[in-house]
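These notes are about the structure you will find just below.
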Amino acid sequence: MKDGYSREIDYLRISVIDRCNLRCIYCMPEEGISNLLPHDEILTYEEILKIVEIAVDLGIRKVRITGGEPLLRKDIVTFIEKLAKLEGLKDIGMTTNGVLLKKFARQLREGGLKRVNVSLDSINPDKFKTITRLGSLNDVLEGIEEAKKVGLDPVKINMVVMRGINDDEIETFALWSREVDYQIRFIEFMPVGQNSWSRELFISKNEIKERIEKKIGKLIPVNMKKSGPAEYFMLEKSEGIIGFISPMTSHICVRCNRLRLTADGKLRPCLFSDTEIDLKRIMRGGASDRQIKDAIVDTINLKPQGMLRESKPLRPMSTIGG
Ligand code: SAM
Ligand code: SF4
């Protein structure tokens, strides 16, 4: 289905949980999220499946499961298996911090998961600990290897770049793409909720690109079908590719193809707008499939043409489902 600005909306990102086993400095305060959802406020898997089934009818072809940390939710593999059986749904991906990926990768792949994005902001164990506050780098690296081994493809590595914190590893991450066919993606740090964003910590896509080209070599553009907001490049003689996601400095909204469903059942037309449609209330109020469909159509029609740069979503990223 097309939105009011002729963009084809075929992608739904679903946060299945607001809890997390890490406390990344760019996402959460050290003590975690203060008002975690009570269990009965979180959409059940059955409710999510119903929403996806109806959304597929409207043209959604791809979903991404995210959180919080999606691998913390009980019975996530069974849920993926059921999702994979929905007719018309072409692609299921997951975004995870990778801590539990080694344990789950094979079951997820066998259950129908196709691709995985792993958040990894440093490959220095001490710095990894500083950024995530909890967790061990080794678990994530083993999770990434296992994902590749069991055939999740592509494996994307997402690095949120922060000046003075991990920007000294930009070149190391870029060089990684020479050796393995991962997609190494550099993400601009965004102000979200009450996170620690500041202008001093922010580093733009252009600066990251320049630093890679100066230290390593030319970035050759790669044309990817359906690349969403990301732009892709390659270093010469590389197995993998390098991506940039620059919500702060590029006009990514023109290519926006998505809706977001929060763990508590709010459908969001845009990451950067706090407009939400309360699908859970509508469903638990006994709505028919037709009424649920209408609510999804309404949300698509609420998609703004572009985000306001100065706008900062009130919800933390972990509850929106980044
Ligand atoms: N826990 C999972 C993970 O970390 O991959 C999934 C949820 S996390 C909120 C999803 C993505 O949002 C991660 O790739 C993370 O790096 C990104 N993210 C969170 N806060 C961000 C911020 N302030 N700026 C840019 N990206 C952010
Ligand atoms: Fe957890 Fe992901 Fe947020 Fe890190 S980015 S605190 S892993 S939800």
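Quick note on naming: the chains in the structure tokens go A, B, ... in the order shown, residues restart at 1 in each chain, and ligands are numbered from 1 in order of appearance.
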Item checked: All residues having an atom within 9 Å of ligand 1 (only C-alpha atoms and all ligand atoms) as a PyMOL selection string -> chain A and resi 15+18-22+24-28+65-71+94-98+117-121+157-161+187-193+195-197+245+247+316-322
Next item on the list: Find, counting only C-alpha atoms and all ligand atoms, the residue in A:Ile54, A:Leu113, A:Ile80, A:Val140 that gets nearest to ligand 2.
Entry: A:Val140
Next item on the list: Apply DSSP to the backbone of this structure and, from region 44-221 of chain A, keep only the residues in alpha helix (DSSP H); write these as a ChimeraX atom specification.
Entry: /A:45-57,76-84,101-111,125-132,137-150,170-179,205-215
Report the residues of region 34-115 of chain A whose backbone DSSP state falls under strand (DSSP E), written as a compact mmCIF listing (two decimals) with N, CA and C atoms, in the first residue's frame.
# COMPACT_ATOMS: atom_id res chain seq x y z
N LYS A 62 7.65 -7.70 4.58
CA LYS A 62 8.85 -7.98 5.36
C LYS A 62 8.63 -7.52 6.79
N VAL A 63 9.02 -8.34 7.77
CA VAL A 63 8.97 -7.87 9.16
C VAL A 63 10.35 -8.04 9.80
N ARG A 64 10.62 -7.20 10.75
CA ARG A 64 11.84 -7.33 11.55
C ARG A 64 11.44 -7.38 13.01
N ILE A 65 11.96 -8.37 13.71
CA ILE A 65 11.65 -8.54 15.13
C ILE A 65 12.76 -7.87 15.93
N THR A 66 12.35 -6.99 16.83
CA THR A 66 13.35 -6.25 17.59
C THR A 66 12.86 -6.06 19.02
N ASP A 91 9.77 -12.11 4.09
CA ASP A 91 11.07 -11.98 4.73
C ASP A 91 10.92 -11.68 6.22
N ILE A 92 11.67 -12.42 7.03
CA ILE A 92 11.65 -12.16 8.48
C ILE A 92 13.09 -11.94 8.93
N GLY A 93 13.34 -10.79 9.53
CA GLY A 93 14.66 -10.49 10.06
C GLY A 93 14.57 -10.21 11.55
N MET A 94 15.73 -10.12 12.18
CA MET A 94 15.75 -9.79 13.61
C MET A 94 16.91 -8.85 13.89
N THR A 95 16.69 -7.92 14.82
CA THR A 95 17.78 -7.09 15.31
C THR A 95 18.03 -7.48 16.76
N THR A 96 19.25 -7.85 17.07
CA THR A 96 19.58 -8.35 18.41
C THR A 96 20.92 -7.81 18.86
N ARG A 115 17.44 -13.37 8.19
CA ARG A 115 18.59 -12.47 8.29
C ARG A 115 18.69 -11.93 9.71
Checklist line | Selection: 12 Å around Glu213 (chain A), only C-alpha atoms, excl. self and same-chain fewer than 2 positions, as an NGL selection string | finding: :A and (170-171 or 174-175 or 206-211 or 215-220 or 233-236 or 242)
Keeping only N, CA, C and O atoms, write those residues as a compact mmCIF listing (two decimals), in the first residue's frame.
# COMPACT_ATOMS: atom_id res chain seq x y z
N ILE A 170 36.51 3.07 13.92
CA ILE A 170 35.85 3.14 12.61
C ILE A 170 36.66 2.34 11.57
O ILE A 170 36.11 1.51 10.84
N GLU A 171 37.96 2.59 11.54
CA GLU A 171 38.79 1.93 10.51
C GLU A 171 38.83 0.42 10.74
O GLU A 171 38.78 -0.36 9.79
N ALA A 174 35.67 -0.99 9.48
CA ALA A 174 35.63 -0.94 8.01
C ALA A 174 36.51 -2.04 7.42
O ALA A 174 36.12 -2.72 6.47
N LEU A 175 37.68 -2.25 8.02
CA LEU A 175 38.59 -3.28 7.51
C LEU A 175 38.01 -4.69 7.68
O LEU A 175 38.35 -5.60 6.92
N ASN A 206 29.31 11.79 6.75
CA ASN A 206 30.36 12.30 5.87
C ASN A 206 31.73 12.21 6.52
O ASN A 206 32.71 11.86 5.89
N GLU A 207 31.76 12.54 7.82
CA GLU A 207 33.06 12.47 8.50
C GLU A 207 33.54 11.02 8.59
O GLU A 207 34.73 10.73 8.36
N ILE A 208 32.64 10.11 8.88
CA ILE A 208 33.02 8.68 8.98
C ILE A 208 33.57 8.22 7.62
O ILE A 208 34.63 7.59 7.54
N LYS A 209 32.84 8.58 6.56
CA LYS A 209 33.25 8.19 5.21
C LYS A 209 34.64 8.74 4.86
O LYS A 209 35.51 8.02 4.37
N GLU A 210 34.80 10.02 5.16
CA GLU A 210 36.09 10.66 4.85
C GLU A 210 37.22 9.96 5.58
O GLU A 210 38.31 9.75 5.03
N ARG A 211 36.96 9.61 6.84
CA ARG A 211 38.03 8.98 7.62
C ARG A 211 38.39 7.61 7.04
O ARG A 211 39.56 7.24 6.99
N LYS A 215 42.14 6.86 5.41
CA LYS A 215 43.02 5.86 6.03
C LYS A 215 43.11 4.57 5.24
O LYS A 215 44.14 3.89 5.27
N ILE A 216 42.01 4.17 4.56
CA ILE A 216 42.02 2.84 3.94
C ILE A 216 41.97 2.90 2.42
O ILE A 216 42.79 2.29 1.74
N GLY A 217 41.00 3.58 1.89
CA GLY A 217 40.89 3.62 0.43
C GLY A 217 39.49 3.99 -0.01
O GLY A 217 38.59 4.15 0.82
N LYS A 218 39.34 4.08 -1.31
CA LYS A 218 38.09 4.58 -1.89
C LYS A 218 36.91 3.68 -1.53
O LYS A 218 37.01 2.45 -1.54
N LEU A 219 35.78 4.31 -1.25
CA LEU A 219 34.54 3.57 -1.03
C LEU A 219 33.77 3.58 -2.34
O LEU A 219 33.38 4.63 -2.85
N ILE A 220 33.57 2.39 -2.88
CA ILE A 220 32.90 2.27 -4.19
C ILE A 220 31.41 2.05 -3.95
O ILE A 220 31.03 1.11 -3.23
N PHE A 233 28.47 0.80 0.26
CA PHE A 233 29.74 0.98 -0.45
C PHE A 233 30.59 -0.27 -0.23
O PHE A 233 30.29 -1.09 0.62
N MET A 234 31.69 -0.32 -0.97
CA MET A 234 32.64 -1.42 -0.82
C MET A 234 34.04 -0.89 -0.86
O MET A 234 34.33 0.05 -1.61
N LEU A 235 34.92 -1.49 -0.09
CA LEU A 235 36.34 -1.21 -0.27
C LEU A 235 36.83 -2.18 -1.35
O LEU A 235 36.25 -3.24 -1.52
N GLU A 236 37.90 -1.82 -2.02
CA GLU A 236 38.43 -2.75 -3.04
C GLU A 236 38.80 -4.08 -2.41
O GLU A 236 39.22 -4.12 -1.25
N ILE A 242 30.06 -2.09 3.23
CA ILE A 242 29.97 -1.08 4.29
C ILE A 242 28.72 -0.24 4.06
O ILE A 242 28.45 0.17 2.93
